[in-house]
Every structure is written in C-alpha cells, then in structure tokens.
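Data block below; observations after.
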Amino acid sequence: MSRHRLPPSDRADLTAAMRDIAAAGRAARTMLAVTDDAELSITVSQAPAPLTSQRPRALCHRPGRDGPLPPTAVWVGEGSQWETPFAVDRPVRRDSDLWPYIAGTVPGGAAGLASVTPLGAEQVAAAYLDWLIEQPALMITLIEELGGADLACDCPLPATGEHDHCHRSVLLAIAGDDEDI
Ligand SMILES: [Zn+2]
C-alpha cells in the first residue's frame with residue numbers, strides 16, 4: 001500500500017468542500033425545523049445543540065481534577081471520538097492501519113522497519129491530520145459538532161508564542177474557518 005501526504009493546497013480544498021457539505025446539512029435542518037411534519041421534527045431534534053464560545057480556543061482540562069468542563073467546551077481527549085491514535089511514545093507497527101500515516105514522517109519508516117515511534121509532537125499532529133482528512137464522515141461531524149466550541153484535552157497548553165501540537169489544535173483549525181490547515 002502506498003499513500004502520499006496530501007499537499008497543503010489539496011488539504012485546504014478538501015476541508016473547504018467538507019465545510020460546504022456541513023453548511024448544506026445545517027441549511028437543510030433549518031428548513032426542516034420550520035415544517036409541521038412530526039416525522040421531520042424528530043430528525044431536527046437530533047441535531048447537535050449549538051455551542052456559543054465567542055472565540056473558540058484550546059483548553060487544558062484534567063478529568064477528575066479540574067471539575068466540570070465549561071458549557072462551551074467539548075472534550076476531545078482520550079475516550080472521545082476525537083482522540084488521537086498517535087502518540088510520541090507509542091510505536092506504530094508496520095502491519096498497523098496507522099503505518100501509512102507515520103511511515104513517511106519518521107526516519108527509517110519508509111525503509112519498512114518493523115515498527116517506528118513518532119519522534120515528536122509535531123509529527124504526531126501531522127499524522128493525526130492526515131488520518132482525519134481521509135475520513136469524510138468524521139470530518140463533517142467534526143465541522144458540525146465542534147464548530148464554535150472550545151476544545152479540551154489534558155495536554156498542557158503551549159507557552160505564549162509557541163505552537164500547540166496537541167491534536168485539539170488540528171480540530172480547532174478544521175472546525176473553525178482557518179484557511180491554513
Ligand atoms: Zn492533547
């Protein structure tokens with residue numbers, strides 16, 4: 001199996017297309033909401049509740065230690081459907097489905113070693129983006145459910161001026177209107 005990383009322009013185009021699909025879904029639900037049809041109303045009631053963070057941001061939240069999440073926040077860490085399968089200290093085996101996402105970004109990976117370990121948080125975030133972008137249904141759910149929300153994981157927040165390499169920053173960029181994915 002060979003897989004190539006999408007160039008940034010293609011990633012941006014794909015993400016824009018997903019946003020259009022999500023927007024069309026929202027418009028369709030809005031139209032359904034004004035009908036009197038009982039069956040359609042059931043469909044509408046299943047739409048995710050709107051979230052209202054003024055300026056969606058990354059949060060560090062340690063479950064069990066930091067109390068309840070703020071109402072504008074969604075947990076995207078371990079145990080959520082948004083958790084990342086990649087970690088700096090977690091080797092990826094050559095026979096794993098995750099291999100194609102990591103092999104090209106790690107020294108020795110392309111040579112087909114039995115397993116490789118991501119070397120840094122930046123590689124982990126890049127692998128997560130590549131993995132996510134190949135799952136259109138998950139991408140559309142992401143845009144619909146995480147748009148406008150603060151996203152919480154238990155990774156520490158970066159120092160001022162540093163980039164956040166936690167996967168929540170990848171989700172924030174896609175769910176928001178960032179053109180630079
Ligand atoms: Zn994290």
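By order in the structure tokens, chains are A, B, ...; within a chain, residues start at 1; ligands start at 1, following the order shown.
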
Contact residues around region 77-94 of chain A with only C-alpha atoms at 10 Å, ignoring same-chain residues under 3 positions, as a count of residues only: 44

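Here the DSSP assignment of strand (DSSP E or B), based on backbone atoms, applies within region 16-166 of chain A to Ala58, Leu59, Cys60, Ala73, Val74, Trp75, Val92, Arg93, Ser115, Val116, Asp150, Leu151, Ala152 and Cys153 of chain A.
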
Based on the selection just made, write C-alpha atoms of those residues as a PDB file, in the first residue's frame.
```
ATOM      1  CA  ALA A  58      -7.813  25.205  23.217  1.00  0.00           C
ATOM      2  CA  LEU A  59      -8.310  24.243  26.847  1.00  0.00           C
ATOM      3  CA  CYS A  60      -6.240  22.060  29.116  1.00  0.00           C
ATOM      4  CA  ALA A  73     -16.252  23.174  25.777  1.00  0.00           C
ATOM      5  CA  VAL A  74     -16.150  19.721  24.234  1.00  0.00           C
ATOM      6  CA  TRP A  75     -13.786  17.019  25.484  1.00  0.00           C
ATOM      7  CA  VAL A  92       3.348   2.045  15.263  1.00  0.00           C
ATOM      8  CA  ARG A  93       3.839  -1.416  13.784  1.00  0.00           C
ATOM      9  CA  SER A 115       7.818  -0.541  13.904  1.00  0.00           C
ATOM     10  CA  VAL A 116       8.642   3.096  14.362  1.00  0.00           C
ATOM     11  CA  ASP A 150     -13.702  25.313  22.942  1.00  0.00           C
ATOM     12  CA  LEU A 151     -11.803  22.036  22.668  1.00  0.00           C
ATOM     13  CA  ALA A 152     -10.378  20.379  25.743  1.00  0.00           C
ATOM     14  CA  CYS A 153      -7.646  17.778  26.137  1.00  0.00           C
TER      15      CYS A 153
END
```

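Each of A:Ser53, A:Ile143, A:Gly104, A:Glu134 was compared to Asp177 (chain A) using only C-alpha atoms, and A:Ile143 turns out to be the nearest.
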
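Shortest atom-to-atom contact with ligand 1 among A:Asp95, A:Val76, A:Leu6, A:Ala149: A:Val76, counting only C-alpha atoms and all ligand atoms.
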
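Comparing A:Ile133, A:Ala173, A:Ala159, A:Ile140 by their smallest distance to Ala22 (chain A), the closest is A:Ile140 (using only C-alpha atoms).
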
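Comparing the minimum interatomic distances between ligand 1 and each of A:Ala175, A:Val170, A:Glu144, A:Asp180, counting only C-alpha atoms and all ligand atoms, we find that A:Val170 sits nearest.
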
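When only C-alpha atoms and all ligand atoms are used to compute distances to ligand 1, the closest of the residues A:Pro158, A:Pro71, A:Pro7, A:Gly148 turns out to be A:Pro158.
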
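Between CA of Asp130 (chain A) and CA of Ala24 (chain A) lies a distance of 24.3 Å.
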
So which bits of region 39-148 of chain A end up alpha helix (DSSP H) when you DSSP the backbone, as a PyMOL selection string? chain A and resi 39-45+99-103+121-133+136-146

Kindly save the residues from that selection, with N, CA and C atoms included, as a CSV table (one decimal), in the first residue's frame.
```csv
chain,number,residue,atom,x,y,z
A,39,GLU,N,-42.7,13.7,11.7
A,39,GLU,CA,-41.6,12.8,11.5
A,39,GLU,C,-40.3,13.6,11.2
A,40,LEU,N,-40.4,14.7,10.5
A,40,LEU,CA,-39.3,15.5,10.3
A,40,LEU,C,-38.8,16.2,11.5
A,41,SER,N,-39.7,16.5,12.4
A,41,SER,CA,-39.3,17.2,13.7
A,41,SER,C,-38.4,16.3,14.5
A,42,ILE,N,-38.6,15.0,14.4
A,42,ILE,CA,-37.8,14.1,15.1
A,42,ILE,C,-36.3,14.2,14.6
A,43,THR,N,-36.2,14.3,13.3
A,43,THR,CA,-34.9,14.4,12.7
A,43,THR,C,-34.2,15.7,13.2
A,44,VAL,N,-35.0,16.8,13.2
A,44,VAL,CA,-34.4,18.1,13.7
A,44,VAL,C,-34.0,18.0,15.1
A,45,SER,N,-34.8,17.3,16.0
A,45,SER,CA,-34.4,17.3,17.4
A,45,SER,C,-33.1,16.5,17.6
A,99,TRP,N,0.2,2.7,10.1
A,99,TRP,CA,1.5,2.8,9.5
A,99,TRP,C,1.7,3.8,8.4
A,100,PRO,N,0.8,3.9,7.4
A,100,PRO,CA,1.0,4.8,6.3
A,100,PRO,C,1.0,6.3,6.7
A,101,TYR,N,0.4,6.6,7.8
A,101,TYR,CA,0.4,8.0,8.3
A,101,TYR,C,1.7,8.4,8.9
A,102,ILE,N,2.4,7.4,9.4
A,102,ILE,CA,3.6,7.7,10.2
A,102,ILE,C,4.9,7.4,9.5
A,103,ALA,N,4.8,6.4,8.5
A,103,ALA,CA,6.0,5.9,7.9
A,103,ALA,C,6.8,7.0,7.2
A,121,ALA,N,6.0,15.8,18.9
A,121,ALA,CA,4.6,16.1,18.9
A,121,ALA,C,4.2,16.7,17.5
A,122,GLU,N,5.1,17.3,16.8
A,122,GLU,CA,4.7,17.9,15.5
A,122,GLU,C,4.4,16.8,14.5
A,123,GLN,N,5.2,15.7,14.5
A,123,GLN,CA,4.9,14.5,13.7
A,123,GLN,C,3.6,13.9,14.0
A,124,VAL,N,3.3,13.8,15.3
A,124,VAL,CA,2.0,13.2,15.8
A,124,VAL,C,0.8,14.0,15.3
A,125,ALA,N,1.0,15.3,15.4
A,125,ALA,CA,-0.1,16.2,14.9
A,125,ALA,C,-0.3,16.1,13.4
A,126,ALA,N,0.8,16.0,12.6
A,126,ALA,CA,0.7,15.9,11.2
A,126,ALA,C,0.1,14.5,10.8
A,127,ALA,N,0.4,13.5,11.5
A,127,ALA,CA,-0.2,12.2,11.2
A,127,ALA,C,-1.7,12.2,11.6
A,128,TYR,N,-2.0,12.9,12.6
A,128,TYR,CA,-3.5,12.9,13.0
A,128,TYR,C,-4.2,13.7,11.9
A,129,LEU,N,-3.7,14.7,11.4
A,129,LEU,CA,-4.4,15.5,10.3
A,129,LEU,C,-4.6,14.6,9.1
A,130,ASP,N,-3.5,13.9,8.7
A,130,ASP,CA,-3.6,13.0,7.5
A,130,ASP,C,-4.7,11.9,7.7
A,131,TRP,N,-4.7,11.4,8.9
A,131,TRP,CA,-5.6,10.3,9.3
A,131,TRP,C,-7.1,10.8,9.3
A,132,LEU,N,-7.2,12.0,9.8
A,132,LEU,CA,-8.6,12.6,9.9
A,132,LEU,C,-9.1,12.9,8.5
A,133,ILE,N,-8.3,13.5,7.7
A,133,ILE,CA,-8.8,14.1,6.5
A,133,ILE,C,-9.2,13.0,5.5
A,136,PRO,N,-14.1,11.3,5.5
A,136,PRO,CA,-15.1,12.3,5.3
A,136,PRO,C,-16.2,12.4,6.3
A,137,ALA,N,-16.8,11.3,6.7
A,137,ALA,CA,-17.9,11.3,7.6
A,137,ALA,C,-17.5,11.9,8.9
A,138,LEU,N,-16.3,11.6,9.4
A,138,LEU,CA,-15.8,12.1,10.7
A,138,LEU,C,-15.5,13.6,10.5
A,139,MET,N,-15.0,14.0,9.4
A,139,MET,CA,-14.7,15.4,9.1
A,139,MET,C,-16.0,16.3,9.2
A,140,ILE,N,-17.0,15.7,8.5
A,140,ILE,CA,-18.3,16.5,8.5
A,140,ILE,C,-18.9,16.6,9.9
A,141,THR,N,-18.8,15.5,10.7
A,141,THR,CA,-19.3,15.5,12.0
A,141,THR,C,-18.5,16.5,12.9
A,142,LEU,N,-17.2,16.5,12.6
A,142,LEU,CA,-16.3,17.5,13.3
A,142,LEU,C,-16.8,18.9,13.1
A,143,ILE,N,-17.0,19.3,11.8
A,143,ILE,CA,-17.3,20.6,11.5
A,143,ILE,C,-18.7,21.0,12.1
A,144,GLU,N,-19.6,20.0,12.1
A,144,GLU,CA,-20.9,20.3,12.6
A,144,GLU,C,-21.0,20.4,14.1
A,145,GLU,N,-20.2,19.5,14.8
A,145,GLU,CA,-20.4,19.4,16.2
A,145,GLU,C,-19.3,20.2,17.0
A,146,LEU,N,-18.2,20.5,16.4
A,146,LEU,CA,-17.1,21.2,17.1
A,146,LEU,C,-17.0,22.6,16.7
```
